[in-house]
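Q: Next up, run-v3.csv (CSV, C-alpha atoms).
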```
chain,number,residue,atom,x,y,z
B,1,MET,CA,0.0,0.0,0.0
B,2,ARG,CA,2.8,2.4,0.9
B,3,GLN,CA,4.6,1.5,-2.3
B,4,ARG,CA,1.5,2.4,-4.3
B,5,GLN,CA,1.2,5.7,-2.4
B,6,TRP,CA,4.8,6.5,-3.1
B,7,ASN,CA,4.4,5.6,-6.8
B,8,GLY,CA,1.3,7.9,-6.9
B,9,TRP,CA,3.2,10.8,-5.4
B,10,ALA,CA,6.1,10.2,-7.7
B,11,ILE,CA,3.8,10.4,-10.7
B,12,LEU,CA,2.3,13.7,-9.4
B,13,VAL,CA,5.7,15.2,-8.8
B,14,GLY,CA,6.9,14.1,-12.2
B,15,LEU,CA,3.9,15.7,-13.8
B,16,ALA,CA,4.5,18.9,-11.8
B,17,LEU,CA,8.1,19.0,-12.9
B,18,CYS,CA,7.2,18.4,-16.6
B,19,THR,CA,4.7,21.2,-16.3
B,20,ALA,CA,7.3,23.5,-14.8
B,21,PHE,CA,9.8,22.7,-17.5
B,22,LYS,CA,7.1,23.2,-20.2
B,23,PHE,CA,5.8,26.5,-18.9
B,24,GLY,CA,8.4,27.9,-16.6
B,25,PRO,CA,11.0,29.0,-19.1
B,26,ALA,CA,8.4,31.1,-20.9
B,27,ARG,CA,8.1,33.3,-17.9
B,28,ALA,CA,11.9,33.8,-17.6
B,29,GLU,CA,12.5,34.0,-21.4
B,30,LEU,CA,14.7,37.0,-22.4
B,31,PRO,CA,13.0,39.6,-24.6
B,32,ALA,CA,13.2,38.9,-28.3
B,33,ALA,CA,16.1,40.5,-30.1
B,34,PRO,CA,15.0,43.6,-31.9
B,35,ASP,CA,14.5,43.5,-35.7
B,36,PRO,CA,17.8,44.4,-37.4
B,37,GLN,CA,15.9,46.7,-39.8
B,38,VAL,CA,14.3,48.5,-36.8
B,39,VAL,CA,17.8,48.9,-35.2
B,40,ALA,CA,19.3,50.2,-38.5
B,41,LYS,CA,16.4,52.7,-38.8
B,42,GLY,CA,17.0,53.8,-35.2
B,43,LYS,CA,20.7,54.3,-35.8
B,44,ALA,CA,20.0,56.5,-38.8
B,45,LEU,CA,17.4,58.5,-36.8
B,46,THR,CA,19.8,58.8,-33.8
B,47,GLU,CA,22.4,60.3,-36.2
B,48,ALA,CA,19.9,62.7,-37.7
B,49,GLY,CA,19.1,63.9,-34.2
B,50,ASP,CA,22.8,64.4,-33.4
B,51,CYS,CA,22.3,62.6,-30.1
B,52,ALA,CA,26.0,61.7,-29.8
B,53,SER,CA,27.2,65.3,-29.7
B,54,CYS,CA,25.3,66.1,-26.5
B,55,HIS,CA,25.4,62.7,-24.8
B,56,THR,CA,29.1,61.9,-25.2
B,57,ALA,CA,31.6,63.5,-22.8
B,58,ASP,CA,34.3,60.9,-23.2
B,59,PRO,CA,34.8,59.6,-26.8
B,60,ARG,CA,35.7,56.3,-25.4
B,61,LYS,CA,32.2,56.0,-23.8
B,62,PRO,CA,29.8,57.1,-26.5
B,63,PHE,CA,26.3,58.0,-25.3
B,64,ALA,CA,27.2,57.7,-21.7
B,65,GLY,CA,26.3,61.3,-20.9
B,66,GLY,CA,27.9,63.7,-18.5
B,67,LYS,CA,28.7,66.4,-21.1
B,68,ARG,CA,28.1,69.9,-19.7
B,69,ILE,CA,25.7,72.0,-21.7
B,70,GLU,CA,25.9,75.7,-21.0
B,71,THR,CA,22.7,77.7,-20.7
B,72,PRO,CA,22.1,81.4,-19.7
B,73,PHE,CA,20.9,79.9,-16.3
B,74,GLY,CA,23.8,77.6,-15.6
B,75,GLY,CA,25.0,74.2,-16.7
B,76,ILE,CA,23.1,71.0,-17.4
B,77,TYR,CA,24.7,67.6,-17.8
B,78,SER,CA,23.5,65.2,-20.4
B,79,ALA,CA,21.9,61.9,-19.5
B,80,ASN,CA,23.4,58.4,-19.9
B,81,LEU,CA,21.6,56.9,-22.9
B,82,THR,CA,23.4,53.5,-22.8
B,83,PRO,CA,21.4,50.4,-21.7
B,84,ASP,CA,23.1,50.3,-18.3
B,85,ARG,CA,20.4,49.2,-15.9
B,86,ASP,CA,21.5,51.4,-12.9
B,87,THR,CA,22.7,54.6,-14.5
B,88,GLY,CA,21.4,54.5,-18.0
B,89,ILE,CA,18.1,53.6,-19.7
B,90,GLY,CA,18.4,49.8,-19.4
B,91,ARG,CA,15.3,49.5,-17.3
B,92,TRP,CA,13.1,51.8,-19.5
B,93,ASN,CA,10.3,50.3,-21.6
B,94,ASP,CA,9.1,51.8,-24.9
B,95,GLN,CA,6.3,53.8,-23.2
B,96,GLN,CA,8.7,55.5,-20.8
B,97,PHE,CA,11.1,56.4,-23.6
B,98,LEU,CA,8.2,57.8,-25.6
B,99,ARG,CA,7.1,60.0,-22.7
B,100,ALA,CA,10.6,61.3,-22.3
B,101,MET,CA,10.8,62.1,-26.0
B,102,ARG,CA,7.4,63.6,-26.4
B,103,TYR,CA,6.8,65.2,-23.1
B,104,GLY,CA,10.2,65.7,-21.5
B,105,GLU,CA,9.1,63.4,-18.6
B,106,ALA,CA,11.4,61.0,-16.8
B,107,PRO,CA,10.1,57.6,-15.6
B,108,ASP,CA,9.7,59.0,-12.1
B,109,ARG,CA,7.5,61.8,-13.6
B,110,SER,CA,10.1,64.5,-12.9
B,111,LEU,CA,10.5,66.9,-15.8
B,112,TYR,CA,13.6,67.5,-18.0
B,113,TYR,CA,14.9,70.9,-18.7
B,114,PRO,CA,14.5,72.0,-22.4
B,115,ALA,CA,18.2,71.8,-23.0
B,116,PHE,CA,17.0,68.3,-24.0
B,117,PRO,CA,15.0,69.4,-27.1
B,118,TYR,CA,11.8,67.6,-26.3
B,119,PRO,CA,9.8,70.6,-27.6
B,120,HIS,CA,11.2,69.4,-31.0
B,121,PHE,CA,11.2,65.7,-30.4
B,122,THR,CA,7.5,65.8,-29.5
B,123,LYS,CA,6.9,66.0,-33.2
B,124,LEU,CA,8.2,62.5,-33.9
B,125,VAL,CA,5.9,59.6,-34.8
B,126,ARG,CA,5.7,56.7,-32.4
B,127,ASP,CA,7.5,54.1,-34.6
B,128,ASP,CA,10.5,56.4,-35.0
B,129,VAL,CA,10.7,56.9,-31.2
B,130,PHE,CA,10.6,53.2,-30.7
B,131,ALA,CA,13.3,52.6,-33.3
B,132,ILE,CA,15.6,55.0,-31.6
B,133,HIS,CA,15.0,53.2,-28.3
B,134,ALA,CA,15.7,49.9,-30.0
B,135,TYR,CA,19.0,51.1,-31.4
B,136,LEU,CA,20.1,52.6,-28.0
B,137,GLY,CA,19.4,49.2,-26.5
B,138,THR,CA,22.1,47.7,-28.6
B,139,LEU,CA,24.8,50.0,-27.3
B,140,THR,CA,27.5,48.8,-24.9
B,141,PRO,CA,26.2,49.5,-21.4
B,142,VAL,CA,28.4,52.1,-19.5
B,143,SER,CA,28.0,52.8,-15.8
B,144,ASN,CA,28.1,56.5,-15.5
B,145,THR,CA,26.1,58.9,-13.3
B,146,PRO,CA,26.2,62.4,-14.7
B,147,PRO,CA,26.4,65.3,-12.2
B,148,PRO,CA,23.1,67.0,-11.2
B,149,PRO,CA,22.2,70.3,-13.0
B,150,ALA,CA,24.2,73.3,-11.8
B,151,LEU,CA,21.4,75.9,-12.3
B,152,ARG,CA,20.9,79.1,-10.4
B,153,TRP,CA,18.1,79.5,-7.9
B,154,PRO,CA,15.2,79.2,-8.3
B,155,LEU,CA,15.6,77.3,-11.6
B,156,ASN,CA,17.2,74.4,-9.8
B,157,TYR,CA,13.7,73.4,-8.7
B,158,ARG,CA,12.4,71.1,-11.4
B,159,VAL,CA,8.8,71.7,-10.4
B,160,LEU,CA,9.0,75.1,-12.1
B,161,MET,CA,9.3,73.3,-15.4
B,162,ARG,CA,5.5,72.7,-15.1
B,163,LEU,CA,5.0,76.4,-15.4
B,164,TRP,CA,7.5,76.7,-18.3
B,165,ASN,CA,5.8,73.8,-20.2
B,166,TYR,CA,2.4,75.4,-19.6
B,167,ALA,CA,3.6,78.7,-21.1
B,168,PHE,CA,5.8,77.5,-23.9
B,169,PHE,CA,5.5,73.8,-24.7
B,170,ARG,CA,3.0,72.6,-27.2
B,171,PRO,CA,3.2,68.8,-27.5
B,172,GLY,CA,2.0,66.9,-30.7
B,173,ILE,CA,3.4,65.3,-33.8
B,174,LEU,CA,4.0,67.3,-36.9
B,175,GLU,CA,1.0,67.1,-39.3
B,176,PRO,CA,1.9,66.9,-43.0
B,177,ASN,CA,1.0,69.8,-45.2
B,178,GLN,CA,-1.2,68.4,-47.9
B,179,ASN,CA,-0.4,71.3,-50.2
B,180,LYS,CA,3.3,70.5,-50.2
B,181,SER,CA,5.4,67.7,-51.8
B,182,ALA,CA,6.4,64.5,-49.9
B,183,GLU,CA,10.0,65.7,-50.0
B,184,TRP,CA,9.1,69.1,-48.5
B,185,ASN,CA,7.1,67.3,-45.7
B,186,ARG,CA,10.0,64.9,-45.0
B,187,GLY,CA,12.3,67.9,-44.8
B,188,GLY,CA,10.0,69.7,-42.4
B,189,TYR,CA,9.7,66.6,-40.2
B,190,LEU,CA,13.5,66.5,-39.9
B,191,VAL,CA,14.2,70.3,-39.6
B,192,GLU,CA,11.4,71.0,-37.1
B,193,GLY,CA,11.6,67.7,-35.2
B,194,LEU,CA,14.4,65.3,-35.1
B,195,ALA,CA,17.2,67.6,-36.3
B,196,HIS,CA,15.9,70.4,-34.0
B,197,CYS,CA,17.5,73.1,-36.1
B,198,GLY,CA,15.5,75.8,-34.3
B,199,ALA,CA,17.2,74.9,-31.0
B,200,CYS,CA,20.3,76.8,-32.2
B,201,HIS,CA,19.1,79.0,-35.1
B,202,THR,CA,16.0,80.5,-33.4
B,203,PRO,CA,16.6,83.3,-30.8
B,204,LYS,CA,15.3,82.7,-27.2
B,205,ASN,CA,13.3,84.9,-24.9
B,206,PHE,CA,14.5,85.7,-21.3
B,207,LEU,CA,13.2,82.3,-20.1
B,208,GLY,CA,15.0,80.3,-22.7
B,209,ALA,CA,12.0,79.5,-24.9
B,210,GLU,CA,12.3,79.9,-28.7
B,211,ARG,CA,10.7,83.1,-30.0
B,212,SER,CA,8.2,81.8,-32.5
B,213,LYS,CA,7.8,85.1,-34.3
B,214,ARG,CA,11.6,85.0,-35.1
B,215,ARG,CA,11.9,81.4,-36.3
B,216,PHE,CA,15.3,80.6,-37.7
B,217,ALA,CA,16.4,84.3,-37.4
B,218,GLY,CA,19.8,83.3,-35.9
B,219,SER,CA,21.0,83.0,-32.3
B,220,VAL,CA,24.1,82.9,-30.1
B,221,VAL,CA,25.4,79.4,-29.3
B,222,ASP,CA,28.5,78.8,-27.1
B,223,GLY,CA,30.0,82.1,-28.2
B,224,TRP,CA,29.2,81.6,-31.9
B,225,PHE,CA,26.4,82.9,-33.9
B,226,ALA,CA,24.1,80.3,-35.6
B,227,PRO,CA,23.1,82.3,-38.7
B,228,ARG,CA,19.7,82.9,-40.2
B,229,LEU,CA,18.2,80.0,-42.1
B,230,ASP,CA,15.4,81.9,-43.8
B,231,GLU,CA,15.5,83.8,-47.1
B,232,ALA,CA,16.9,87.0,-45.7
B,233,ALA,CA,19.0,88.7,-48.4
B,234,ARG,CA,22.2,89.5,-46.4
B,235,GLY,CA,22.5,87.1,-43.5
B,236,GLY,CA,20.1,84.3,-44.6
B,237,LEU,CA,20.0,81.7,-47.3
B,238,LYS,CA,18.7,83.7,-50.2
B,239,SER,CA,21.9,83.4,-52.2
B,240,TRP,CA,22.1,79.6,-51.6
B,241,SER,CA,20.3,77.0,-53.7
B,242,ALA,CA,18.8,73.8,-52.3
B,243,ASP,CA,21.8,72.0,-53.7
B,244,ASP,CA,24.1,74.4,-52.0
B,245,ILE,CA,22.5,73.7,-48.6
B,246,ALA,CA,22.6,69.9,-49.2
B,247,GLU,CA,26.3,70.0,-50.1
B,248,TYR,CA,27.1,72.1,-47.0
B,249,LEU,CA,25.2,69.6,-44.7
B,250,LEU,CA,26.7,66.5,-46.3
B,251,SER,CA,30.3,67.7,-46.7
B,252,GLY,CA,30.7,70.7,-44.3
B,253,ARG,CA,31.4,73.1,-47.1
B,254,ASN,CA,30.1,74.5,-50.4
B,255,GLY,CA,31.0,77.3,-52.8
B,256,HIS,CA,29.8,79.9,-50.3
B,257,SER,CA,31.0,78.9,-46.9
B,258,HIS,CA,32.5,76.3,-44.5
B,259,ALA,CA,31.1,74.8,-41.3
B,260,GLY,CA,32.8,76.0,-38.2
B,261,GLY,CA,32.2,76.1,-34.4
B,262,PRO,CA,29.3,74.0,-33.2
B,263,MET,CA,28.0,73.5,-36.7
B,264,ALA,CA,31.2,71.6,-37.7
B,265,GLU,CA,30.3,69.2,-34.9
B,266,VAL,CA,26.8,68.8,-36.3
B,267,VAL,CA,28.1,68.0,-39.7
B,268,LEU,CA,30.7,65.5,-38.4
B,269,ASN,CA,28.4,63.6,-36.1
B,270,SER,CA,25.1,64.0,-37.8
B,271,THR,CA,24.3,65.4,-41.3
B,272,SER,CA,27.3,63.9,-43.1
B,273,HIS,CA,26.0,60.4,-42.0
B,274,MET,CA,22.5,61.0,-43.3
B,275,SER,CA,21.1,59.9,-46.6
B,276,GLU,CA,21.4,62.2,-49.5
B,277,ALA,CA,17.6,62.0,-49.9
B,278,ASP,CA,16.9,63.2,-46.3
B,279,VAL,CA,19.5,66.0,-46.5
B,280,HIS,CA,18.1,67.2,-49.8
B,281,ALA,CA,14.6,67.1,-48.3
B,282,MET,CA,15.8,69.4,-45.4
B,283,ALA,CA,17.3,71.7,-48.0
B,284,VAL,CA,14.1,71.9,-49.9
B,285,TYR,CA,12.2,72.8,-46.7
B,286,LEU,CA,14.7,75.4,-45.7
B,287,LYS,CA,14.7,77.1,-49.1
B,288,ASP,CA,10.9,77.5,-48.7
B,289,LEU,CA,11.2,79.5,-45.5
B,290,ALA,CA,10.1,83.1,-46.1
B,291,ALA,CA,12.3,85.8,-44.9
B,292,GLY,CA,11.4,86.8,-41.3
B,293,PRO,CA,11.9,90.2,-39.7
B,294,ALA,CA,14.0,92.5,-41.8
B,295,GLU,CA,17.6,93.0,-40.8
B,296,PRO,CA,18.3,96.5,-39.4
B,297,ALA,CA,19.8,99.2,-41.6
B,298,VAL,CA,23.5,99.2,-41.6
B,299,ALA,CA,25.4,102.4,-40.9
B,300,ALA,CA,28.7,102.8,-42.9
B,301,PRO,CA,31.7,102.1,-40.7
B,302,SER,CA,34.2,104.9,-40.1
B,303,PRO,CA,36.8,105.5,-42.8
B,304,GLU,CA,39.6,105.0,-40.2
B,305,GLN,CA,38.4,101.6,-39.3
B,306,MET,CA,38.0,100.5,-42.9
B,307,THR,CA,41.5,101.9,-43.8
B,308,ASN,CA,43.2,100.0,-41.0
B,309,GLY,CA,41.1,96.8,-41.7
B,310,GLU,CA,42.1,96.9,-45.3
B,311,LYS,CA,45.8,97.3,-44.4
B,312,LEU,CA,45.7,94.3,-42.0
B,313,TYR,CA,43.8,92.3,-44.6
B,314,LYS,CA,46.3,92.9,-47.3
B,315,GLY,CA,49.2,92.1,-45.0
B,316,SER,CA,47.9,88.8,-43.6
B,317,CYS,CA,44.9,87.5,-45.5
B,318,VAL,CA,45.3,87.9,-49.3
B,319,ALA,CA,47.6,84.8,-49.6
B,320,CYS,CA,44.5,82.6,-49.1
B,321,HIS,CA,41.5,84.8,-49.6
B,322,GLU,CA,42.9,86.8,-52.6
B,323,LEU,CA,42.9,90.6,-52.9
B,324,ASP,CA,39.2,90.6,-54.1
B,325,GLY,CA,38.2,88.2,-51.4
B,326,SER,CA,37.3,85.4,-53.9
B,327,GLY,CA,39.4,82.8,-52.0
B,328,ALA,CA,39.4,79.2,-53.3
B,329,PRO,CA,35.8,77.9,-52.9
B,330,ARG,CA,35.6,74.7,-50.9
B,331,ILE,CA,39.2,75.2,-49.7
B,332,TYR,CA,39.3,78.9,-48.5
B,333,PRO,CA,35.8,80.3,-48.5
B,334,PRO,CA,35.0,83.4,-50.6
B,335,LEU,CA,34.2,86.5,-48.6
B,336,PRO,CA,32.0,88.7,-51.0
B,337,GLY,CA,28.4,88.0,-50.5
B,338,ASN,CA,29.1,85.6,-47.6
B,339,ALA,CA,25.9,85.3,-45.6
B,340,ASN,CA,27.6,84.1,-42.4
B,341,LEU,CA,30.0,86.9,-42.6
B,342,GLN,CA,27.2,89.5,-42.9
B,343,SER,CA,25.2,88.2,-40.0
B,344,ALA,CA,24.0,91.0,-37.7
B,345,ASN,CA,25.9,89.4,-34.9
B,346,PRO,CA,29.7,89.2,-35.7
B,347,ALA,CA,30.6,86.6,-33.1
B,348,SER,CA,31.5,83.8,-35.5
B,349,ALA,CA,33.7,86.1,-37.7
B,350,ILE,CA,35.5,87.3,-34.6
B,351,ARG,CA,36.0,83.8,-33.2
B,352,ILE,CA,37.5,82.6,-36.5
B,353,VAL,CA,40.0,85.5,-36.5
B,354,LEU,CA,40.9,85.0,-32.8
B,355,ASP,CA,41.0,81.2,-32.8
B,356,GLY,CA,41.8,80.3,-36.4
B,357,ALA,CA,40.0,77.7,-38.3
B,358,GLU,CA,40.5,74.1,-39.5
B,359,THR,CA,38.3,72.8,-42.3
B,360,ILE,CA,36.6,69.6,-41.2
B,361,THR,CA,37.1,66.6,-43.4
B,362,THR,CA,34.2,64.3,-44.4
B,363,PRO,CA,34.1,61.4,-46.9
B,364,ARG,CA,32.6,63.8,-49.5
B,365,ALA,CA,35.3,66.5,-48.8
B,366,PRO,CA,38.5,64.9,-47.5
B,367,ASN,CA,40.9,67.8,-48.5
B,368,THR,CA,41.9,70.1,-45.6
B,369,GLY,CA,42.4,73.8,-45.2
B,370,SER,CA,43.4,75.9,-42.2
B,371,MET,CA,43.7,79.5,-41.0
B,372,PRO,CA,46.1,80.5,-38.3
B,373,PRO,CA,44.8,82.3,-35.2
B,374,TYR,CA,45.5,86.0,-34.7
B,375,THR,CA,45.4,86.0,-30.9
B,376,LYS,CA,48.3,88.4,-30.6
B,377,TRP,CA,46.5,91.2,-32.5
B,378,PRO,CA,45.1,94.0,-30.3
B,379,ASP,CA,41.3,94.0,-29.9
B,380,GLN,CA,41.0,97.1,-32.1
B,381,ASP,CA,42.9,95.5,-35.0
B,382,VAL,CA,40.7,92.4,-34.8
B,383,ALA,CA,37.6,94.7,-34.8
B,384,ASP,CA,38.9,96.6,-37.8
B,385,VAL,CA,39.8,93.7,-40.0
B,386,VAL,CA,36.4,92.0,-39.3
B,387,THR,CA,34.6,95.2,-40.0
B,388,TYR,CA,36.5,95.5,-43.3
B,389,ILE,CA,35.7,92.1,-44.6
B,390,ARG,CA,32.0,92.5,-43.5
B,391,ASN,CA,31.8,95.7,-45.5
B,392,ALA,CA,34.1,95.3,-48.5
B,393,TRP,CA,33.2,94.0,-52.0
B,394,GLY,CA,29.6,94.9,-51.7
B,395,ASN,CA,29.1,93.4,-48.2
B,396,ALA,CA,27.2,95.3,-45.6
B,397,ALA,CA,27.1,94.6,-41.8
B,398,PRO,CA,27.4,96.5,-38.6
B,399,ALA,CA,30.8,97.7,-37.6
B,400,VAL,CA,32.6,95.7,-34.9
B,401,THR,CA,33.9,97.3,-31.7
B,402,ALA,CA,37.0,96.5,-29.7
B,403,ASP,CA,34.7,95.7,-26.7
B,404,GLU,CA,33.0,93.0,-28.6
B,405,VAL,CA,36.3,91.4,-29.4
B,406,ALA,CA,37.5,91.7,-25.8
B,407,LYS,CA,34.3,90.0,-24.6
B,408,LEU,CA,34.7,87.0,-26.9
B,409,ARG,CA,38.5,86.8,-26.2
B,410,LYS,CA,37.7,86.0,-22.6
```
The structure given in the file should be rewritten as C-alpha cells.
A:
Amino acid sequence: MRQRQWNGWAILVGLALCTAFKFGPARAELPAAPDPQVVAKGKALTEAGDCASCHTADPRKPFAGGKRIETPFGGIYSANLTPDRDTGIGRWNDQQFLRAMRYGEAPDRSLYYPAFPYPHFTKLVRDDVFAIHAYLGTLTPVSNTPPPPALRWPLNYRVLMRLWNYAFFRPGILEPNQNKSAEWNRGGYLVEGLAHCGACHTPKNFLGAERSKRRFAGSVVDGWFAPRLDEAARGGLKSWSADDIAEYLLSGRNGHSHAGGPMAEVVLNSTSHMSEADVHAMAVYLKDLAAGPAEPAVAAPSPEQMTNGEKLYKGSCVACHELDGSGAPRIYPPLPGNANLQSANPASAIRIVLDGAETITTPRAPNTGSMPPYTKWPDQDVADVVTYIRNAWGNAAPAVTADEVAKLRK
C-alpha cells in the first residue's frame, strides 16, 4: 500500500516537474532580439538627431552622458543613454522612452529641462521613437552617473518646469501639409523635429524659450552665432540653392561657406552620415522658409576703421583669400556675399580671426584647409579687419567694436 502511495506521489511530482519545464521558461525567457531593420532605422534617426554630440563627454564612452551643456541659467549635464540598468536607460520600456521624447518626462514623472530638445522631439511619430529606443538598447552599457544640474536658484527646482511647459511647450506630432510635396514634408519633419535646427538657429526669450515670431532668425550658441536659415538677403540663405544647402550639410562646405564652431560638430556627427535624400529634403524645406523680420539698416563704418582693416587684410589674408576676397571655394571660403560673414551678430567672424579655423574633413570632402589664429592682434585690430571684410566687396554689416572682441576673447 505504501509502495502504491509512493508511486502515486512520484507520478504527481513528475507531472509537476514536466509542467514546470514546459511553462516555466516562458516566464523567464529573455525579450526577443530587436528586428535588425528597426535597429538600423533607429541608428539613422539617432544620427539625424545628433544625439551623440550632447550625450558623449568621453569619446571612449559614446552616449554615456555627462557632457556639460551651458545655458544662460547655468550648466546642465546630459543623461546616460546606454542600456546600463542602474545609471542609463536599461530598465526603461518603450512607453517610458516615448514619454521622455514627447513630453520631457522621466520615468519618475520629474520633468527634464528643455536643453533636452523635447519641444522638437515631441513631433516624432511613435514608430520612429521606438526605433531610436531599439538602437540605443544595442549599445554597450556604460556605468556613468552624470552630475546634477548646476542651475541658479530658483531654476534648480524642477517643479518650475511645469509652469514653463504650460507657457511655452505645445506637444504633438507634426501634421503633414497636404499642399506640399512629400519631399518638403519629409524635410519639415527633420528640420522642425528630429534635427531640431531651431534649438540653435532661433533666438530665445529671457526664459530660454524659442521666439516663435523670429523662427530661424539666428541665435548665439556657445560664443558663436548660428546664422539665419530663412530667405533673408544678407544674413540668410537667399543666395544659396537647395543643392548648396545639401552640399554644406553633407560635406561641411560648399561654394559659399565652410562649417565652423558648433555647426562643424553637427556635420561631423550628424548630417554627413544622413542619406542624400533626407538631407536634400531638409534643403528643400529650408529654401521655402520666407524671410522673417527685416535686418536692421547698416550704418557705414568709419573710414579710419576700414582703412586700418584693409591694411591688415592685405598684410595677412590675401595669400589665401585673394585681394578681391574670392578665395578658393571649398578650400578657402569666398568673402564677397558671404551670408555668415554678414550676420547682424559678428561673433562667429571674430572667433575665427581670434581662434583660427580648421576645415573639417568628411568622406565627401577629404581635403583640408586651415587658417592660423591671430590671438596676438590687439582687440581694435581684430575689430577693424572683421569690420573691413564685413563691408568690402559689396558686403554690408554693422561695424565691430574692440569691446565685442574683448568679450569674446575671454
Q: Would you mind telling me which residue in B:His196, B:Gly223, B:Pro72, B:Ala339 lies nearest to Gly208 (chain B) when using all atoms listed in the file?
A: B:Pro72
Q: Hey, can I get the axis-aligned box for region 333-343 of chain B? All listed atoms, 6 Å padding on each side, centre and edge lengths in Å to one decimal, as AutoDock Vina command-line options.
A:
```
--center_x 30.5 --center_y 84.9 --center_z -45.5 --size_x 22.6 --size_y 21.2 --size_z 23.0
```
Q: Closest to Thr359 (chain B) among B:Asp86, B:Glu175, B:Asp288, B:Glu265, using all atoms listed in the file?
A: B:Glu265
Q: Report as a JSON list (two decimals) with C-alpha atoms, keeping the file's coordinate frame all protein, DNA and RNA residues lying within 9 Å of Thr387 (chain B), evaluated on all atoms listed in the file, omitting residues in the same chain fewer than 6 positions from it.
A:
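Final output, out29.json:
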```
[["chain", "number", "residue", "atom", "x", "y", "z"],
["B", 301, "PRO", "CA", 31.70, 102.10, -40.70],
["B", 305, "GLN", "CA", 38.40, 101.60, -39.30],
["B", 306, "MET", "CA", 38.00, 100.50, -42.90],
["B", 309, "GLY", "CA", 41.10, 96.80, -41.70],
["B", 346, "PRO", "CA", 29.70, 89.20, -35.70],
["B", 397, "ALA", "CA", 27.10, 94.60, -41.80],
["B", 398, "PRO", "CA", 27.40, 96.50, -38.60],
["B", 399, "ALA", "CA", 30.80, 97.70, -37.60],
["B", 400, "VAL", "CA", 32.60, 95.70, -34.90],
["B", 401, "THR", "CA", 33.90, 97.30, -31.70]]
```
Q: Residues near Lys180 (chain B), anyone? I mean within 12 Å using all atoms listed in the file, not counting same-chain ones fewer than 4 positions away, as a JSON list (two decimals) with C-alpha atoms, in the coordinates of the input.
A:
```
[["chain", "number", "residue", "atom", "x", "y", "z"],
["B", 175, "GLU", "CA", 1.00, 67.10, -39.30],
["B", 176, "PRO", "CA", 1.90, 66.90, -43.00],
["B", 184, "TRP", "CA", 9.10, 69.10, -48.50],
["B", 185, "ASN", "CA", 7.10, 67.30, -45.70],
["B", 186, "ARG", "CA", 10.00, 64.90, -45.00],
["B", 187, "GLY", "CA", 12.30, 67.90, -44.80],
["B", 188, "GLY", "CA", 10.00, 69.70, -42.40],
["B", 281, "ALA", "CA", 14.60, 67.10, -48.30],
["B", 284, "VAL", "CA", 14.10, 71.90, -49.90],
["B", 285, "TYR", "CA", 12.20, 72.80, -46.70],
["B", 288, "ASP", "CA", 10.90, 77.50, -48.70]]
```
